[in-house]
>>> print(open('target_0.txt').read())   # compact mmCIF, C-alpha atoms
# COMPACT_ATOMS: atom_id res chain seq x y z
CA MET A 1491 54.84 3.64 19.66
CA SER A 1492 55.28 6.84 17.65
CA ASN A 1493 55.58 4.75 14.48
CA PHE A 1494 52.32 2.99 15.38
CA PHE A 1495 50.37 6.25 15.67
CA ALA A 1496 52.00 7.59 12.50
CA GLU A 1497 50.88 4.48 10.59
CA VAL A 1498 47.35 4.71 11.98
CA LYS A 1499 47.21 8.38 11.05
CA ALA A 1500 48.40 7.66 7.52
CA VAL A 1501 45.82 4.92 6.95
CA PHE A 1502 43.10 7.05 8.58
CA SER A 1503 43.92 10.00 6.30
CA LYS A 1504 43.88 7.75 3.26
CA GLU A 1505 40.43 6.36 4.16
CA VAL A 1506 38.98 9.82 4.81
CA ILE A 1507 40.19 10.99 1.41
CA HIS A 1508 38.74 7.84 -0.19
CA ILE A 1509 35.36 8.39 1.49
CA PHE A 1510 35.13 12.03 0.40
CA ASN A 1511 36.22 11.15 -3.13
CA ASP A 1512 33.40 8.59 -3.33
CA PHE A 1513 30.76 11.28 -2.79
CA THR A 1514 27.80 9.21 -4.04
CA THR A 1515 28.32 6.51 -1.42
CA LEU A 1516 28.86 9.14 1.28
CA ARG A 1517 25.66 10.93 0.29
CA ILE A 1518 23.65 7.71 0.40
CA ALA A 1519 25.17 6.79 3.77
CA LEU A 1520 24.09 10.14 5.23
CA ILE A 1521 20.67 10.36 3.58
CA PHE A 1522 19.57 6.77 4.28
CA PRO A 1523 19.42 7.00 8.12
CA LEU A 1524 17.81 10.45 7.88
CA MET A 1525 15.15 9.07 5.57
CA GLN A 1526 14.60 6.14 7.92
CA MET A 1527 14.07 8.50 10.85
CA LEU A 1528 11.63 10.70 8.91
CA ILE A 1529 9.57 7.78 7.63
CA LEU A 1530 9.56 5.76 10.84
CA GLY A 1531 9.00 8.80 13.02
CA ALA A 1532 6.44 10.80 11.05
CA ALA A 1533 4.74 8.51 8.55
CA ILE A 1534 4.25 5.31 10.51
CA ASN A 1535 1.10 5.51 12.55
CA ASN A 1536 -1.13 2.67 13.74
CA GLU A 1537 -3.87 5.14 14.65
CA VAL A 1538 -6.85 4.67 12.38
CA LYS A 1539 -8.43 7.82 10.97
CA ASP A 1540 -10.16 9.21 7.87
CA LEU A 1541 -11.59 5.86 6.80
CA LYS A 1542 -13.41 6.28 3.50
CA THR A 1543 -17.09 6.05 4.44
CA TYR A 1544 -20.24 6.00 2.30
CA ILE A 1545 -23.81 6.34 3.57
CA PHE A 1546 -27.03 4.75 2.33
CA ASP A 1547 -29.60 6.89 4.17
CA GLN A 1548 -33.12 5.54 3.61
CA SER A 1549 -34.61 7.57 6.47
CA ARG A 1550 -33.52 11.06 5.33
CA SER A 1551 -34.71 12.55 8.58
CA TYR A 1552 -33.39 14.87 11.23
CA ALA A 1553 -32.46 11.85 13.37
CA SER A 1554 -30.50 10.19 10.56
CA ARG A 1555 -28.70 13.46 9.76
CA GLU A 1556 -27.80 13.70 13.44
CA PHE A 1557 -26.24 10.25 13.32
CA ILE A 1558 -24.37 11.11 10.09
CA GLY A 1559 -23.11 14.28 11.75
CA ALA A 1560 -21.76 12.23 14.65
CA VAL A 1561 -19.96 9.95 12.18
CA GLN A 1562 -18.51 12.95 10.35
CA ALA A 1563 -17.33 14.53 13.62
CA SER A 1564 -15.39 11.40 14.51
CA THR A 1565 -11.73 11.36 13.44
CA TYR A 1566 -12.09 7.70 12.51
CA PHE A 1567 -14.33 8.31 9.51
CA LYS A 1568 -14.40 10.59 6.50
CA ILE A 1569 -17.69 10.63 4.61
CA LYS A 1570 -16.87 10.50 0.89
CA GLY A 1571 -20.42 10.36 -0.44
CA TYR A 1572 -23.88 8.78 -0.45
CA THR A 1573 -25.32 5.82 -2.31
CA TYR A 1574 -28.90 4.92 -3.15
CA SER A 1575 -28.77 1.12 -2.91
CA LYS A 1576 -27.08 -1.57 -0.87
CA ASP A 1577 -25.63 -3.11 -4.04
CA ALA A 1578 -23.88 0.17 -4.90
CA LEU A 1579 -22.51 0.35 -1.37
CA THR A 1580 -21.20 -3.22 -1.58
CA LYS A 1581 -19.62 -2.45 -4.95
CA LEU A 1582 -17.68 0.44 -3.43
CA LEU A 1583 -16.39 -1.83 -0.67
CA ILE A 1584 -15.32 -4.51 -3.17
CA SER A 1585 -13.45 -1.97 -5.31
CA GLY A 1586 -11.64 -0.58 -2.29
CA LYS A 1587 -13.12 2.89 -2.72
CA ALA A 1588 -14.82 2.55 0.66
CA HIS A 1589 -13.68 1.11 3.97
CA VAL A 1590 -17.02 1.51 5.71
CA GLY A 1591 -20.60 1.50 4.41
CA ILE A 1592 -23.42 2.62 6.71
CA ILE A 1593 -27.05 1.66 6.01
CA ILE A 1594 -29.74 3.65 7.83
CA PRO A 1595 -33.20 2.00 7.56
CA PRO A 1596 -36.36 3.90 6.52
CA ASN A 1597 -37.98 3.57 9.96
CA TYR A 1598 -34.93 4.77 11.90
CA SER A 1599 -36.39 8.11 13.00
CA TYR A 1600 -39.79 6.65 13.89
CA LYS A 1601 -38.34 3.87 16.03
CA LEU A 1602 -35.87 6.19 17.77
CA ASN A 1603 -38.56 8.70 18.71
CA SER A 1604 -41.20 6.14 19.67
CA GLY A 1605 -39.05 4.38 22.25
CA GLN A 1606 -38.37 1.34 20.08
CA LYS A 1607 -34.91 0.00 19.30
CA PRO A 1608 -33.77 1.04 15.79
CA SER A 1609 -30.90 -0.76 14.08
CA ILE A 1610 -28.22 0.68 11.82
CA GLN A 1611 -26.09 -1.69 9.77
CA ALA A 1612 -22.41 -0.93 9.18
CA LEU A 1613 -20.50 -2.90 6.55
CA ILE A 1614 -16.76 -2.84 7.25
CA ASP A 1615 -13.91 -3.97 5.03
CA GLY A 1616 -12.25 -6.54 7.27
CA SER A 1617 -9.15 -6.98 5.10
CA ASP A 1618 -6.99 -5.15 7.63
CA SER A 1619 -7.84 -6.58 11.04
CA THR A 1620 -6.39 -3.56 12.89
CA VAL A 1621 -8.45 -1.05 10.91
CA ALA A 1622 -11.60 -3.17 11.02
CA THR A 1623 -11.41 -3.69 14.80
CA GLN A 1624 -11.01 0.02 15.52
CA ALA A 1625 -13.74 0.97 13.04
CA LYS A 1626 -16.10 -1.56 14.65
CA SER A 1627 -15.40 -0.23 18.15
CA ALA A 1628 -15.79 3.39 17.01
CA LEU A 1629 -19.18 2.75 15.37
CA GLU A 1630 -20.50 0.82 18.34
CA GLY A 1631 -19.28 3.66 20.59
CA LEU A 1632 -21.16 6.19 18.47
CA GLY A 1633 -24.30 4.11 18.86
CA LYS A 1634 -23.92 4.12 22.65
CA ASN A 1635 -23.35 7.89 22.74
CA ILE A 1636 -26.45 8.62 20.68
CA SER A 1637 -28.40 6.17 22.85
CA ALA A 1638 -27.32 7.99 25.98
CA LYS A 1639 -28.28 11.39 24.55
CA THR A 1640 -31.68 10.11 23.38
CA ILE A 1641 -32.54 8.57 26.73
CA GLU A 1642 -31.31 11.62 28.63
CA ALA A 1643 -33.51 13.88 26.52
CA LYS A 1644 -36.62 11.70 26.93
CA ARG A 1645 -36.25 10.29 30.42
CA GLN A 1646 -34.35 12.71 32.53
CA GLY A 1647 -33.10 11.19 35.73
CA SER A 1648 -33.93 7.64 34.64
CA LEU A 1649 -31.31 4.94 35.21
CA LEU A 1650 -32.05 2.96 32.04
CA GLU A 1651 -29.34 1.13 30.17
CA SER A 1652 -28.30 3.53 27.40
CA VAL A 1653 -26.98 0.75 25.17
CA ASN A 1654 -30.51 -0.51 24.47
CA ALA A 1655 -31.74 2.61 22.67
CA LEU A 1656 -29.77 2.20 19.43
CA ASP A 1657 -28.29 -0.95 17.93
CA VAL A 1658 -25.34 -0.47 15.52
CA ARG A 1659 -24.86 -3.85 13.90
CA THR A 1660 -21.44 -4.20 12.35
CA ARG A 1661 -20.68 -6.77 9.69
CA LEU A 1662 -17.09 -7.57 8.70
CA LEU A 1663 -16.65 -8.37 5.02
CA PHE A 1664 -13.89 -10.28 3.19
CA ASN A 1665 -12.08 -11.33 6.38
CA PRO A 1666 -14.77 -11.95 9.02
CA ASN A 1667 -12.40 -13.79 11.36
CA LEU A 1668 -9.94 -10.84 11.23
CA LYS A 1669 -6.93 -13.02 10.40
CA THR A 1670 -3.83 -10.85 10.05
CA LYS A 1671 -2.24 -13.13 7.46
CA PHE A 1672 -5.16 -12.46 5.08
CA PHE A 1673 -4.02 -8.83 5.01
CA THR A 1674 -0.22 -9.14 5.11
CA ILE A 1675 0.42 -12.05 2.73
CA PRO A 1676 -1.33 -10.61 -0.38
CA GLY A 1677 0.66 -7.42 0.19
CA LEU A 1678 3.85 -9.44 0.65
CA LEU A 1679 3.56 -10.63 -2.96
CA GLY A 1680 4.46 -7.13 -4.17
CA ILE A 1681 7.42 -6.85 -1.79
CA ILE A 1682 8.74 -10.26 -2.93
CA VAL A 1683 8.56 -9.24 -6.59
CA PHE A 1684 10.37 -5.98 -5.84
CA LEU A 1685 13.09 -7.75 -3.84
CA VAL A 1686 13.74 -10.69 -6.15
CA VAL A 1687 13.34 -9.06 -9.56
CA GLY A 1688 14.69 -5.63 -8.59
CA PHE A 1689 17.84 -6.72 -6.81
CA LEU A 1690 18.60 -9.59 -9.20
CA CYS A 1691 18.40 -7.32 -12.25
CA CYS A 1692 20.19 -4.41 -10.58
CA VAL A 1693 23.10 -6.49 -9.24
CA SER A 1694 23.52 -8.36 -12.53
CA ILE A 1695 23.87 -5.23 -14.68
CA ALA A 1696 26.02 -3.39 -12.12
CA LYS A 1697 28.30 -6.42 -11.92
CA GLU A 1698 28.64 -6.46 -15.71
CA LYS A 1699 29.66 -2.80 -15.61
CA GLU A 1700 32.34 -3.48 -13.01
CA GLN A 1701 33.70 -6.48 -14.91
CA GLY A 1702 33.71 -4.61 -18.22
CA THR A 1703 31.39 -7.01 -20.06
CA PHE A 1704 28.71 -4.31 -20.17
CA GLU A 1705 31.00 -2.17 -22.32
CA GLN A 1706 31.19 -4.99 -24.87
CA LEU A 1707 27.41 -4.75 -25.32
CA LEU A 1708 27.74 -1.07 -26.10
CA VAL A 1709 29.82 -1.72 -29.22
CA THR A 1710 27.35 -4.22 -30.70
CA PRO A 1711 25.11 -3.11 -33.60
CA LEU A 1712 21.98 -3.88 -31.55
CA ALA A 1713 19.44 -1.10 -31.11
CA PRO A 1714 19.15 0.17 -27.49
CA LEU A 1715 15.48 -0.88 -27.24
CA SER A 1716 16.21 -4.41 -28.52
CA LEU A 1717 19.14 -4.75 -26.15
CA MET A 1718 17.06 -3.45 -23.26
CA ILE A 1719 14.14 -5.83 -23.89
CA GLY A 1720 16.57 -8.72 -24.31
CA LYS A 1721 18.02 -7.99 -20.89
CA ILE A 1722 14.59 -7.53 -19.30
CA LEU A 1723 12.93 -10.76 -20.48
CA PRO A 1724 14.96 -13.27 -18.40
CA TYR A 1725 14.20 -11.35 -15.21
CA LEU A 1726 10.52 -11.15 -16.09
CA ILE A 1727 10.43 -14.93 -16.52
CA ILE A 1728 12.23 -15.46 -13.19
CA GLY A 1729 9.92 -12.94 -11.55
CA LEU A 1730 6.77 -14.66 -12.84
CA LEU A 1731 8.10 -18.02 -11.65
CA ASP A 1732 8.82 -16.64 -8.17
CA PHE A 1733 5.46 -14.86 -8.08
CA ASN A 1734 3.54 -18.03 -8.90
CA LEU A 1735 5.52 -20.02 -6.34
CA SER A 1736 4.62 -17.37 -3.75
CA VAL A 1737 0.94 -17.50 -4.73
CA PHE A 1738 1.02 -21.28 -4.44
CA ALA A 1739 2.64 -21.06 -0.98
CA MET A 1740 0.05 -18.47 0.05
CA PHE A 1741 -2.82 -20.70 -1.00
CA VAL A 1742 -1.47 -24.06 0.22
CA GLY A 1743 0.79 -23.11 3.11
CA PHE A 1744 -1.22 -20.27 4.66
CA ASN A 1745 -4.75 -21.19 3.49
CA VAL A 1746 -5.41 -17.74 2.05
CA PRO A 1747 -8.12 -18.23 -0.61
CA ILE A 1748 -8.21 -16.25 -3.84
CA ALA A 1749 -11.67 -14.71 -4.12
CA GLY A 1750 -11.16 -13.10 -7.55
CA ASN A 1751 -9.78 -13.91 -10.99
CA LEU A 1752 -6.20 -15.24 -10.92
CA LEU A 1753 -5.60 -14.06 -14.50
CA ILE A 1754 -6.15 -10.44 -13.40
CA LEU A 1755 -3.58 -10.91 -10.64
CA GLU A 1756 -1.06 -12.47 -13.05
CA THR A 1757 -1.51 -9.61 -15.52
CA ALA A 1758 -0.99 -7.02 -12.80
CA ALA A 1759 2.15 -8.85 -11.61
CA PHE A 1760 3.59 -8.87 -15.14
CA ILE A 1761 2.97 -5.13 -15.61
CA PHE A 1762 4.41 -4.42 -12.15
CA MET A 1763 7.56 -6.39 -13.01
CA PHE A 1764 8.12 -4.16 -16.04
CA SER A 1765 8.19 -1.17 -13.70
CA VAL A 1766 10.57 -2.86 -11.26
CA VAL A 1767 12.96 -4.07 -13.98
CA GLY A 1768 12.95 -0.68 -15.71
CA LEU A 1769 13.71 1.03 -12.41
CA SER A 1770 16.49 -1.46 -11.63
CA ILE A 1771 18.14 -0.95 -15.03
CA PHE A 1772 17.99 2.81 -14.57
CA VAL A 1773 19.58 2.57 -11.11
CA SER A 1774 22.31 0.19 -12.26
CA ILE A 1775 23.24 2.35 -15.27
CA VAL A 1776 23.52 5.62 -13.32
CA SER A 1777 25.47 3.92 -10.50
CA ALA A 1778 29.25 3.83 -10.70
CA THR A 1779 29.64 0.61 -8.68
CA GLN A 1780 27.66 -2.44 -7.70
CA MET A 1781 27.54 -1.27 -4.07
CA GLN A 1782 26.09 2.11 -5.08
CA ALA A 1783 23.38 0.39 -7.13
CA ILE A 1784 22.40 -1.82 -4.17
CA GLN A 1785 22.35 1.16 -1.80
CA MET A 1786 20.13 3.20 -4.14
CA LEU A 1787 17.69 0.32 -4.54
CA GLN A 1788 17.64 -0.15 -0.76
CA MET A 1789 16.66 3.50 -0.40
CA MET A 1790 13.66 2.80 -2.63
CA LEU A 1791 12.85 -0.46 -0.84
CA LEU A 1792 12.26 1.17 2.55
CA PRO A 1793 9.49 3.54 1.33
CA SER A 1794 8.04 0.71 -0.75
CA ILE A 1795 7.55 -1.34 2.43
CA LEU A 1796 6.51 1.40 4.84
CA LEU A 1797 4.60 3.89 2.64
CA SER A 1798 2.70 1.49 0.38
CA GLY A 1799 0.08 0.40 2.91
CA TYR A 1800 1.73 -3.02 3.19
CA VAL A 1801 2.05 -2.84 6.99
CA PHE A 1802 0.39 0.36 8.20
CA PRO A 1803 -2.97 1.97 7.29
CA PHE A 1804 -2.37 4.04 4.16
CA ASP A 1805 -5.12 6.58 4.82
CA SER A 1806 -3.77 7.35 8.28
CA MET A 1807 -0.47 8.68 6.95
CA PRO A 1808 0.24 12.43 6.66
CA THR A 1809 -0.60 13.86 3.24
CA PHE A 1810 3.06 14.38 2.30
CA PHE A 1811 3.99 10.73 2.88
CA LYS A 1812 0.75 9.54 1.34
CA THR A 1813 1.72 11.42 -1.83
CA ILE A 1814 5.10 9.69 -1.84
CA GLY A 1815 3.34 6.36 -1.40
CA LEU A 1816 1.12 7.02 -4.40
CA CYS A 1817 4.26 7.59 -6.49
CA LEU A 1818 5.48 4.05 -5.74
CA PRO A 1819 4.46 1.25 -8.15
CA VAL A 1820 4.31 -1.28 -5.30
CA THR A 1821 1.47 0.71 -3.67
CA HIS A 1822 -0.78 0.18 -6.67
CA PHE A 1823 0.17 -3.48 -7.10
CA ILE A 1824 -0.64 -4.18 -3.44
CA SER A 1825 -4.00 -2.47 -3.97
CA ILE A 1826 -4.71 -4.82 -6.90
CA SER A 1827 -3.39 -7.88 -5.06
CA ARG A 1828 -5.60 -7.35 -2.01
CA GLY A 1829 -8.54 -6.37 -4.19
CA VAL A 1830 -8.40 -9.59 -6.22
CA ILE A 1831 -7.40 -12.01 -3.45
CA LEU A 1832 -9.50 -10.71 -0.55
CA ARG A 1833 -12.43 -8.81 -2.04
CA GLY A 1834 -12.87 -10.61 -5.35
CA ALA A 1835 -12.57 -7.33 -7.25
CA GLY A 1836 -12.86 -7.44 -11.03
CA LEU A 1837 -10.95 -5.51 -13.66
CA GLU A 1838 -13.60 -2.77 -13.74
CA ASP A 1839 -13.03 -2.22 -10.01
CA LEU A 1840 -9.26 -1.86 -10.42
CA LEU A 1841 -8.95 0.33 -13.50
CA LEU A 1842 -7.18 3.15 -11.63
CA PRO A 1843 -4.31 1.11 -10.09
CA PHE A 1844 -4.01 -0.87 -13.33
CA GLY A 1845 -3.72 2.35 -15.35
CA VAL A 1846 -1.10 3.75 -12.99
CA LEU A 1847 0.96 0.54 -13.19
CA ILE A 1848 0.87 0.60 -17.00
CA LEU A 1849 2.04 4.23 -17.02
CA TYR A 1850 4.85 3.38 -14.60
CA GLY A 1851 5.93 0.43 -16.76
CA ILE A 1852 6.07 2.57 -19.90
CA PHE A 1853 7.79 5.45 -18.07
CA PHE A 1854 10.57 3.37 -16.52
CA LEU A 1855 11.17 1.41 -19.73
CA LEU A 1856 11.50 4.59 -21.81
CA LEU A 1857 13.63 6.22 -19.11
CA SER A 1858 15.98 3.25 -19.07
CA VAL A 1859 16.28 3.31 -22.87
CA LYS A 1860 17.01 7.07 -22.79
CA VAL A 1861 19.68 6.72 -20.10
CA PHE A 1862 21.11 3.71 -21.93
CA LYS A 1863 21.37 5.74 -25.16
CA LYS A 1864 23.11 8.53 -23.28
CA HIS A 1865 25.53 6.04 -21.75
CA LEU A 1866 26.07 4.51 -25.21
CA SER A 1867 26.98 7.88 -26.73
>>> encode(input="target_0.txt", output="structure tokens")
Amino acid sequence: MSNFFAEVKAVFSKEVIHIFNDFTTLRIALIFPLMQMLILGAAINNEVKDLKTYIFDQSRSYASREFIGAVQASTYFKIKGYTYSKDALTKLLISGKAHVGIIIPPNYSYKLNSGQKPSIQALIDGSDSTVATQAKSALEGLGKNISAKTIEAKRQGSLLESVNALDVRTRLLFNPNLKTKFFTIPGLLGIIVFLVVGFLCCVSIAKEKEQGTFEQLLVTPLAPLSLMIGKILPYLIIGLLDFNLSVFAMFVGFNVPIAGNLLILETAAFIFMFSVVGLSIFVSIVSATQMQAIQMLQMMLLPSILLSGYVFPFDSMPTFFKTIGLCLPVTHFISISRGVILRGAGLEDLLLPFGVLILYGIFFLLLSVKVFKKHLS
């Protein structure tokens, strides 16, 4: 029995020494659950708030300002500005710069004060069924509250139905039936590209390093940039193939129509893949083993799923986590994907996320080349 415990102790001591010698793996193992707890506990929030709201106020009266004030006071909405036509308001919704557009008619004040029933139209981006449902309920609730206050001020003690004084008519755009798959599947395209292209590229290069074949590339007369592009191209081709298969499955298998230009979506996917491949090469080069490379990429995958707006409302996140989300390429690709597929957004509507993706692609490619040169020397 004493020999048994001595053997266990010896093996235990050996494993502890091995774990502490492999500090990178130990650090990832400790940081990963902590990061999961922080993200899942603090950043993930189904509560809808600060929805980007624009107003088209044709009444410009005290009554309309009172309604706008009630909207502003609500935690659900954040008024970002005013427009001067319905077309401009619709354009903001298509581009994704607005979640809600409120149209107040010219005769709003007159009808409200003369005992008639004024109507206010609210255009809501229905892409995310959860957000759209809560926004619709909140706006209709505001209408009822203002109705109650108006009736109380005019007919004290009367038992009239307060809901009849003001009619807030909500209209859901882009996804009127509030189908969840219309929101999740276009976002899933970005996650699939990250998973397939990122892990395939990362594992392949890390495996070459472990087997020693990567070192043989280092002694070739090829320039680092040529070598890097040569390694990137096969994964870009595989990524584009997988992306198009996913788009086909989305359209045929899930009946999600593509409202916009498919060429814009393909271009965005290609630029996004450059970012993912560049990031994967960087991770695989700085990692000592294949397992370390996979663990590091997994650490980036979790924020890419949870902080990109893929599952949870992006604007409802705390500012700190929202900033992290904006630093992730997948966030901007999902924005383009949903814009093209659901809202029919054009290139002029998506210049910002496109520009960010291009910068990310250039940054990660140059970073990979720099790290590769350093490794070469």
>>> residues_around(input="target_0.txt", residues="Phe1557 in chain A", least_positions_apart="6", cutoff="9 Å", atoms="all atoms listed in the file", output="short mmCIF file (atom, residue, chain, number, x, y, z; two decimals) with C-alpha atoms, keeping the file's coordinate frame")
data_model
loop_
_atom_site.label_atom_id
_atom_site.label_comp_id
_atom_site.auth_asym_id
_atom_site.auth_seq_id
_atom_site.Cartn_x
_atom_site.Cartn_y
_atom_site.Cartn_z
CA LEU A 1632 -21.16 6.19 18.47
CA GLY A 1633 -24.30 4.11 18.86
CA ILE A 1636 -26.45 8.62 20.68
#
>>> atom_distance(input="target_0.txt", atom1="CA of Leu1818 in chain A", atom2="CA of Leu1842 in chain A")
14.0 Å
>>> closest_residue(input="target_0.txt", among="A:Gln1785, A:Ser1609, A:Ser1825, A:Thr1580", to="Leu1841 in chain A", atoms="all atoms listed in the file")
A:Ser1825
>>> residues_around(input="target_0.txt", residues="range 1722-1736 of chain A", least_positions_apart="3", cutoff="10 Å", atoms="only C-alpha atoms", output="ChimeraX atom specification")
/A:1675-1676,1678-1680,1682-1688,1690-1691,1716-1719,1739-1743,1756,1759-1764,1766-1768,1770-1771,1855
>>> atom_distance(input="target_0.txt", atom1="CA of Thr1623 in chain A", atom2="CA of Thr1813 in chain A")
26.0 Å
>>> atom_distance(input="target_0.txt", atom1="CA of Leu1796 in chain A", atom2="CA of Tyr1850 in chain A")
19.6 Å
>>> closest_residue(input="target_0.txt", among="A:Val1658, A:Ala1500, A:Ile1569, A:Cys1817", to="Ala1612 in chain A", atoms="only C-alpha atoms")
A:Val1658
>>> closest_residue(input="target_0.txt", among="A:Ile1681, A:Ile1754, A:Ala1563, A:Val1830", to="Leu1797 in chain A", atoms="all atoms listed in the file")
A:Ile1681
>>> residues_near_point(input="target_0.txt", point="(-32.8, 6.2, 3.7)", cutoff="6 Å", atoms="only C-alpha atoms", output="JSON, numbers by chain")
{"A": [1547, 1548, 1549, 1550, 1594, 1595, 1596]}
>>> residues_around(input="target_0.txt", residues="Thr1565 in chain A", least_positions_apart="4", cutoff="9 Å", atoms="all atoms listed in the file", output="short mmCIF file (atom, residue, chain, number, x, y, z; two decimals) with C-alpha atoms, in the coordinates of the input")
data_model
loop_
_atom_site.label_atom_id
_atom_site.label_comp_id
_atom_site.auth_asym_id
_atom_site.auth_seq_id
_atom_site.Cartn_x
_atom_site.Cartn_y
_atom_site.Cartn_z
CA VAL A 1538 -6.85 4.67 12.38
CA LYS A 1539 -8.43 7.82 10.97
CA ASP A 1540 -10.16 9.21 7.87
CA LEU A 1541 -11.59 5.86 6.80
CA VAL A 1561 -19.96 9.95 12.18
#
>>> residues_around(input="target_0.txt", residues="Lys1669 in chain A", least_positions_apart="5", cutoff="12 Å", atoms="all atoms listed in the file", output="list in words")
Gly1616, Ser1617, Asp1618, Ser1619, Thr1620, Ala1622, Thr1623, Leu1662, Phe1664, Thr1674, Ile1675, Phe1744, Asn1745, Val1746 and Leu1832 of chain A
>>> residues_near_point(input="target_0.txt", point="(19.4, 2.5, -16.4)", cutoff="9 Å", atoms="all atoms listed in the file", output="NGL selection string")
:A and (1768-1777 or 1854-1855 or 1857-1862 or 1865)
>>> axis_aligned_box(input="target_0.txt", around="range 1734-1753 of chain A", padding_each_side="4 Å", output="JSON")
{"center_x": -3.1, "center_y": -18.6, "center_z": -4.9, "size_x": 25.2, "size_y": 19.0, "size_z": 27.2}
>>> residues_around(input="target_0.txt", residues="Leu1583 in chain A", least_positions_apart="2", cutoff="12 Å", atoms="only C-alpha atoms", output="VMD selection string")
chain A and resid 1541 to 1545 1573 1576 to 1581 1585 to 1592 1612 to 1617 1662 to 1664 1829 1832 to 1835 1839
